[in-house]
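This is query-v7.txt (compact mmCIF, C-alpha atoms).
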```txt
# COMPACT_ATOMS: atom_id res chain seq x y z
CA MET A 1 88.59 -64.24 -22.00
CA ASN A 2 90.65 -66.79 -24.00
CA GLY A 3 87.53 -68.84 -24.72
CA VAL A 4 85.81 -65.72 -26.04
CA LEU A 5 88.56 -64.90 -28.56
CA GLY A 6 87.86 -67.76 -31.00
CA PHE A 7 84.14 -66.98 -31.07
CA ALA A 8 84.88 -63.26 -31.45
CA LEU A 9 87.04 -64.10 -34.50
CA LEU A 10 84.12 -66.09 -35.97
CA ASN A 11 81.92 -63.03 -35.51
CA LEU A 12 84.53 -60.79 -37.16
CA LEU A 13 84.69 -63.23 -40.10
CA GLY A 14 80.89 -63.00 -40.35
CA VAL A 15 81.05 -59.20 -40.47
CA PHE A 16 83.63 -59.42 -43.28
CA VAL A 17 81.54 -61.90 -45.28
CA SER A 18 78.52 -59.63 -44.82
CA ALA A 19 80.53 -56.66 -46.14
CA VAL A 20 81.57 -58.66 -49.22
CA SER A 21 77.93 -59.53 -49.82
CA GLN A 22 77.05 -55.80 -49.68
CA VAL A 23 79.73 -55.04 -52.28
CA LEU A 24 78.31 -57.69 -54.64
CA LEU A 25 74.80 -56.23 -54.23
CA LYS A 26 76.11 -52.74 -54.97
CA LYS A 27 78.04 -54.00 -58.01
CA SER A 28 74.90 -55.67 -59.29
CA ALA A 29 72.84 -52.53 -58.70
CA MET A 30 75.34 -50.56 -60.82
CA GLU A 31 74.95 -52.92 -63.79
CA ASP A 32 72.18 -52.82 -66.35
CA HIS A 33 70.24 -56.09 -66.27
CA GLY A 34 67.59 -55.29 -68.83
CA SER A 35 64.69 -56.78 -66.91
CA MET A 36 63.37 -56.80 -63.36
CA ALA A 37 63.89 -60.58 -63.08
CA GLY A 38 67.48 -59.99 -64.16
CA GLU A 39 67.97 -57.51 -61.33
CA TYR A 40 67.13 -60.15 -58.72
CA LEU A 41 68.17 -63.39 -60.41
CA ASN A 42 71.71 -62.84 -61.56
CA PRO A 43 74.82 -64.62 -60.25
CA LEU A 44 76.07 -61.61 -58.24
CA VAL A 45 72.81 -61.23 -56.31
CA VAL A 46 72.39 -64.97 -55.70
CA ILE A 47 75.98 -65.28 -54.42
CA ALA A 48 75.47 -62.13 -52.32
CA TYR A 49 72.42 -63.60 -50.57
CA ALA A 50 74.16 -66.94 -50.05
CA LEU A 51 77.06 -65.07 -48.41
CA PHE A 52 74.60 -63.12 -46.29
CA VAL A 53 73.04 -66.35 -44.99
CA GLY A 54 76.56 -67.63 -44.26
CA ALA A 55 77.31 -64.43 -42.35
CA THR A 56 74.20 -64.79 -40.17
CA LEU A 57 75.13 -68.41 -39.38
CA LEU A 58 78.65 -67.33 -38.42
CA SER A 59 77.31 -64.67 -36.06
CA THR A 60 74.84 -67.14 -34.49
CA ILE A 61 77.63 -69.68 -33.88
CA ALA A 62 79.78 -66.87 -32.47
CA TYR A 63 77.04 -66.12 -29.91
CA LYS A 64 77.76 -69.52 -28.36
CA GLY A 65 80.87 -67.91 -26.91
CA ILE A 66 80.48 -64.13 -26.83
CA PRO A 67 78.09 -62.00 -24.75
CA LEU A 68 75.09 -60.48 -26.54
CA SER A 69 76.44 -56.97 -25.98
CA MET A 70 79.64 -57.85 -27.88
CA GLY A 71 77.77 -58.58 -31.14
CA PRO A 72 76.94 -54.95 -32.05
CA ILE A 73 80.43 -53.89 -30.85
CA LEU A 74 82.15 -56.26 -33.30
CA ASP A 75 79.60 -55.41 -36.03
CA ALA A 76 81.06 -51.90 -36.02
CA THR A 77 84.18 -53.33 -37.75
CA GLY A 78 81.93 -53.39 -40.83
CA TYR A 79 82.69 -49.67 -41.23
CA ILE A 80 86.36 -50.57 -41.81
CA TYR A 81 85.46 -52.78 -44.77
CA VAL A 82 82.93 -50.25 -46.09
CA THR A 83 85.76 -47.70 -46.14
CA VAL A 84 88.41 -49.99 -47.65
CA PHE A 85 86.06 -51.36 -50.34
CA GLY A 86 84.77 -47.83 -51.01
CA VAL A 87 88.29 -46.61 -51.78
CA LEU A 88 89.62 -49.71 -53.58
CA ILE A 89 86.57 -50.81 -55.58
CA PHE A 90 84.31 -47.77 -55.89
CA HIS A 91 87.11 -45.15 -55.94
CA GLU A 92 85.62 -43.01 -53.19
CA ARG A 93 87.65 -40.30 -51.52
CA LEU A 94 89.07 -41.08 -48.08
CA ASP A 95 87.82 -38.60 -45.49
CA ARG A 96 90.19 -37.92 -42.59
CA ARG A 97 87.28 -37.87 -40.12
CA LYS A 98 86.43 -41.41 -41.22
CA LEU A 99 89.92 -42.54 -40.24
CA VAL A 100 89.40 -40.95 -36.81
CA ALA A 101 86.01 -42.69 -36.58
CA LEU A 102 87.55 -46.08 -37.45
CA ALA A 103 90.31 -45.53 -34.87
CA LEU A 104 87.62 -44.76 -32.25
CA ILE A 105 85.80 -47.99 -33.15
CA LEU A 106 89.00 -50.06 -32.74
CA VAL A 107 89.92 -48.36 -29.44
CA GLY A 108 86.35 -48.89 -28.21
CA ILE A 109 86.51 -52.62 -29.04
CA ALA A 110 89.79 -52.90 -27.11
CA VAL A 111 88.41 -51.06 -24.07
CA TYR A 112 85.19 -53.13 -24.13
CA SER A 113 87.24 -56.35 -24.28
CA LEU A 114 89.11 -55.34 -21.12
CA GLY A 115 85.78 -55.44 -19.31
CA LEU A 116 84.96 -59.07 -20.21
CA MET B 1 69.71 -28.92 -45.76
CA THR B 2 71.21 -29.22 -42.30
CA LYS B 3 71.64 -32.81 -41.20
CA GLY B 4 69.46 -33.92 -38.33
CA SER B 5 67.30 -30.79 -38.42
CA PRO B 6 64.60 -31.31 -41.02
CA ASN B 7 62.78 -28.41 -42.68
CA ASN B 8 60.55 -26.39 -40.36
CA GLY B 9 57.30 -27.39 -41.96
CA ASN B 10 58.12 -31.06 -41.55
CA THR B 11 59.07 -31.03 -37.88
CA ARG B 12 55.98 -32.73 -36.43
CA TRP B 13 55.79 -35.27 -39.22
CA SER B 14 59.52 -35.96 -38.83
CA ALA B 15 59.11 -36.65 -35.12
CA ARG B 16 56.83 -39.55 -36.10
CA VAL B 17 59.39 -40.81 -38.60
CA PHE B 18 62.03 -40.54 -35.88
CA VAL B 19 59.92 -42.69 -33.54
CA GLY B 20 59.40 -45.13 -36.41
CA LEU B 21 63.16 -45.26 -36.99
CA HIS B 22 63.79 -46.09 -33.35
CA LEU B 23 61.04 -48.73 -33.27
CA MET B 24 62.79 -50.33 -36.28
CA LEU B 25 66.20 -50.15 -34.58
CA ALA B 26 64.78 -51.66 -31.37
CA LEU B 27 63.27 -54.44 -33.50
CA TYR B 28 66.63 -54.92 -35.22
CA SER B 29 68.30 -55.35 -31.81
CA LEU B 30 65.87 -58.22 -31.13
CA SER B 31 67.31 -60.10 -34.13
CA SER B 32 70.56 -60.38 -32.14
CA VAL B 33 68.57 -61.64 -29.15
CA CYS B 34 67.05 -64.38 -31.36
CA SER B 35 70.52 -65.17 -32.73
CA LYS B 36 71.86 -65.55 -29.20
CA LEU B 37 68.85 -67.73 -28.22
CA ALA B 38 69.46 -69.91 -31.31
CA ALA B 39 73.09 -70.25 -30.22
CA GLY B 40 71.83 -71.80 -26.96
CA HIS B 41 70.42 -74.78 -28.90
CA ALA B 42 72.25 -77.57 -30.75
CA PHE B 43 72.92 -76.71 -34.41
CA MET B 44 69.84 -77.52 -36.55
CA SER B 45 67.77 -78.69 -33.56
CA TRP B 46 64.14 -77.46 -33.44
CA GLY B 47 65.07 -74.71 -30.98
CA PHE B 48 67.89 -73.56 -33.24
CA VAL B 49 65.70 -73.55 -36.35
CA PHE B 50 62.91 -71.66 -34.52
CA PHE B 51 65.08 -68.84 -33.20
CA TYR B 52 67.24 -68.64 -36.34
CA GLY B 53 64.02 -68.41 -38.37
CA ALA B 54 62.72 -65.68 -36.05
CA MET B 55 65.99 -63.80 -36.54
CA VAL B 56 65.69 -63.97 -40.35
CA ALA B 57 62.02 -62.92 -40.15
CA ILE B 58 62.92 -59.90 -38.00
CA LEU B 59 65.70 -58.92 -40.42
CA GLY B 60 63.19 -59.11 -43.27
CA ILE B 61 60.65 -56.87 -41.50
CA TYR B 62 63.45 -54.50 -40.51
CA ALA B 63 64.71 -54.27 -44.12
CA ILE B 64 61.24 -53.25 -45.32
CA GLY B 65 60.75 -50.78 -42.43
CA TRP B 66 64.22 -49.27 -42.96
CA GLN B 67 63.44 -48.62 -46.64
CA GLN B 68 60.28 -46.76 -45.59
CA VAL B 69 62.13 -44.72 -42.95
CA ILE B 70 65.03 -43.60 -45.17
CA LYS B 71 62.56 -42.39 -47.80
CA ARG B 72 61.27 -39.92 -45.20
CA MET B 73 64.37 -38.64 -43.39
CA PRO B 74 67.99 -37.69 -44.17
CA LEU B 75 70.08 -40.84 -44.70
CA THR B 76 72.83 -39.45 -42.45
CA THR B 77 70.45 -39.04 -39.51
CA ALA B 78 69.14 -42.57 -40.00
CA TYR B 79 72.64 -44.10 -40.14
CA ALA B 80 73.93 -42.05 -37.18
CA ASN B 81 70.99 -43.24 -35.05
CA LYS B 82 71.83 -46.85 -35.91
CA ALA B 83 74.51 -46.55 -33.23
CA VAL B 84 71.75 -46.97 -30.63
CA THR B 85 71.81 -50.73 -31.32
CA LEU B 86 75.08 -50.78 -29.32
CA VAL B 87 73.13 -49.59 -26.27
CA TRP B 88 70.36 -52.14 -26.91
CA GLY B 89 73.05 -54.84 -26.87
CA LEU B 90 74.09 -53.81 -23.36
CA VAL B 91 70.45 -53.53 -22.20
CA TRP B 92 69.23 -56.89 -23.57
CA GLY B 93 72.47 -58.57 -22.45
CA LEU B 94 71.90 -57.33 -18.91
CA LEU B 95 68.13 -57.95 -18.73
CA LEU B 96 67.77 -61.19 -20.71
CA PHE B 97 71.12 -62.95 -20.40
CA HIS B 98 72.31 -61.63 -17.03
CA GLU B 99 75.53 -60.28 -18.52
CA GLN B 100 77.61 -58.17 -16.17
CA LEU B 101 77.83 -54.45 -16.86
CA THR B 102 81.45 -53.48 -16.25
CA LEU B 103 82.86 -49.96 -16.47
CA ALA B 104 85.18 -50.99 -19.33
CA LYS B 105 82.24 -52.45 -21.29
CA VAL B 106 80.18 -49.25 -20.92
CA VAL B 107 83.12 -46.94 -21.73
CA GLY B 108 84.21 -49.13 -24.67
CA CYS B 109 80.64 -49.14 -25.98
CA ALA B 110 80.47 -45.33 -25.70
CA ILE B 111 83.75 -44.96 -27.67
CA VAL B 112 82.50 -47.29 -30.45
CA LEU B 113 79.22 -45.34 -30.48
CA ALA B 114 81.10 -42.06 -30.93
CA GLY B 115 83.06 -43.66 -33.80
CA VAL B 116 79.90 -44.86 -35.56
CA VAL B 117 78.20 -41.45 -35.25
CA LEU B 118 81.33 -39.61 -36.47
CA PHE B 119 81.63 -42.02 -39.44
CA SER B 120 77.99 -41.42 -40.41
CA LEU B 121 78.37 -37.63 -40.21
CA ALA B 122 81.56 -37.69 -42.33
CA ASP B 123 79.83 -39.96 -44.86
CA GLY B 124 76.84 -37.61 -45.01
CA ASP B 125 79.01 -34.57 -45.74
CA GLU B 126 80.68 -36.40 -48.63
CA GLY B 127 77.25 -37.18 -50.03
CA GLU B 128 76.35 -33.48 -49.95
CA GLU B 129 79.42 -32.65 -52.00
CA GLY B 130 77.98 -34.71 -54.82
CA ARG B 131 79.26 -38.25 -54.35
CA SER B 132 77.00 -40.65 -56.22
```

Can the structure in the file be given as structure tokens, please?
Amino acid sequence: MNGVLGFALLNLLGVFVSAVSQVLLKKSAMEDHGSMAGEYLNPLVVIAYALFVGATLLSTIAYKGIPLSMGPILDATGYIYVTVFGVLIFHERLDRRKLVALALILVGIAVYSLGL
Amino acid sequence: MTKGSPNNGNTRWSARVFVGLHLMLALYSLSSVCSKLAAGHAFMSWGFVFFYGAMVAILGIYAIGWQQVIKRMPLTTAYANKAVTLVWGLVWGLLLFHEQLTLAKVVGCAIVLAGVVLFSLADGDEGEEGRS
């Protein structure tokens, strides 16, 4: 299991980078760009897609060391970032059920890891 | 509108959209398979480039298909069903990569799945209360 941990961390980093890229896309979508070309070719969107490519590379490298079934399990940590960014950046309300859901995801990851 | 139970008149049509959603999610799960296959090759070797390219292509098709699906069904239902990709991970891992199915893996997967579904339902309720 020790060999798996480093690759799992790479995957988790990829999920985080992917979440940041989503935030940039949402930020860009909330701005007025004046033209259709401006909606797709502005710094936020270009950086977002570059980050997204980086995230896919990180997850591919992670698969050198983690089982296929662990990928979607670790991807679920994306909901943590969606929640944190939602509250901090987009000022969304924090739903108590979401906290329960995030706790379930973390417990599930721990239980899954015991089975490696 | 109640989540997950579309209007009566749309039931048959929605069943087709539901099948479409799950075809898209099954396709999406294959992008992870390609990613794992790419990982089996040296970085930037032909094998790596082929499977990484296939992964990106699948993600592109999925993105287009997903847009079509969420136009035709409640967003909450679509996101809640996304949890099925966790099950696909176990299935493809077992069938294609001979990964062991342990009790802890299956139980852990089920707990994460419950978390993802609960998160989607909570998110959907917020949307109904007028979150933009």

Exercise for the section: Determine the nearest neighbour of Leu96 in chain B from the options A:Val84, A:Asp95, A:Phe90, A:Leu68, counting all atoms listed in the file. Expected result: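 Of the candidates, the smallest distance to Leu96 in chain B is held by A:Leu68.
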
Contact residues (chain B, partner chain A, 7 Å, all atoms listed in the file) as a PDB file with C-alpha atoms, keeping the file's coordinate frame:
```pdb
ATOM      1  CA  SER B  35      70.520 -65.170 -32.730  1.00  0.00           C
ATOM      2  CA  LYS B  36      71.860 -65.550 -29.200  1.00  0.00           C
ATOM      3  CA  ALA B  38      69.460 -69.910 -31.310  1.00  0.00           C
ATOM      4  CA  ALA B  39      73.090 -70.250 -30.220  1.00  0.00           C
ATOM      5  CA  GLY B  40      71.830 -71.800 -26.960  1.00  0.00           C
ATOM      6  CA  THR B  85      71.810 -50.730 -31.320  1.00  0.00           C
ATOM      7  CA  LEU B  86      75.080 -50.780 -29.320  1.00  0.00           C
ATOM      8  CA  GLY B  89      73.050 -54.840 -26.870  1.00  0.00           C
ATOM      9  CA  LEU B  90      74.090 -53.810 -23.360  1.00  0.00           C
ATOM     10  CA  GLY B  93      72.470 -58.570 -22.450  1.00  0.00           C
ATOM     11  CA  GLU B  99      75.530 -60.280 -18.520  1.00  0.00           C
ATOM     12  CA  THR B 102      81.450 -53.480 -16.250  1.00  0.00           C
ATOM     13  CA  LEU B 103      82.860 -49.960 -16.470  1.00  0.00           C
ATOM     14  CA  ALA B 104      85.180 -50.990 -19.330  1.00  0.00           C
ATOM     15  CA  LYS B 105      82.240 -52.450 -21.290  1.00  0.00           C
ATOM     16  CA  VAL B 107      83.120 -46.940 -21.730  1.00  0.00           C
ATOM     17  CA  GLY B 108      84.210 -49.130 -24.670  1.00  0.00           C
ATOM     18  CA  CYS B 109      80.640 -49.140 -25.980  1.00  0.00           C
ATOM     19  CA  ILE B 111      83.750 -44.960 -27.670  1.00  0.00           C
ATOM     20  CA  VAL B 112      82.500 -47.290 -30.450  1.00  0.00           C
ATOM     21  CA  GLY B 115      83.060 -43.660 -33.800  1.00  0.00           C
ATOM     22  CA  VAL B 116      79.900 -44.860 -35.560  1.00  0.00           C
ATOM     23  CA  LEU B 118      81.330 -39.610 -36.470  1.00  0.00           C
ATOM     24  CA  PHE B 119      81.630 -42.020 -39.440  1.00  0.00           C
ATOM     25  CA  ALA B 122      81.560 -37.690 -42.330  1.00  0.00           C
TER      26      ALA B 122
END
```

Problem - d(CA of Ser120 in chain B, CA of Leu21 in chain B) in Å - result: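 Going from CA of Ser120 in chain B over to CA of Leu21 in chain B covers 15.7 Å.
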
Kindly provide, as AutoDock Vina command-line options, the centre and edge lengths (Å, one decimal) of an axis-aligned box around all atoms of range 89-108 of chain A given in the file, with 8 Å on each side.
```
--center_x 87.3 --center_y -44.3 --center_z -42.1 --size_x 22.0 --size_y 28.9 --size_z 43.7
```

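Note that the spacing between CA of Ala55 in chain A and CA of Ser18 in chain A amounts to 5.5 Å.
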
Completion exercise
From the list A:Pro43, A:Val23, A:Phe16, A:Tyr49, the nearest residue to Leu88 in chain A using only C-alpha atoms is A:Val23

Problem - Point-to-point distance in Å for CA of Gly78 in chain A and CA of Leu13 in chain A - result: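 Straight-line distance from CA of Leu13 in chain A to CA of Gly78 in chain A works out to 10.2 Å.
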
Handout entry: Pick from B:Leu121, B:Leu59, B:Leu101, B:Ala54, whichever lies nearest to Met24 in chain B using only C-alpha atoms
Key =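 Ranking B:Leu121, B:Leu59, B:Leu101, B:Ala54 by distance to Met24 in chain B, first place goes to B:Leu59.
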
Problem - Which of A:Gly34, A:Glu39, A:Ser28, A:Val17 sits closest to Phe52 in chain A [using all atoms listed in the file] - result: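 Closest to Phe52 in chain A, using all atoms listed in the file: A:Val17.
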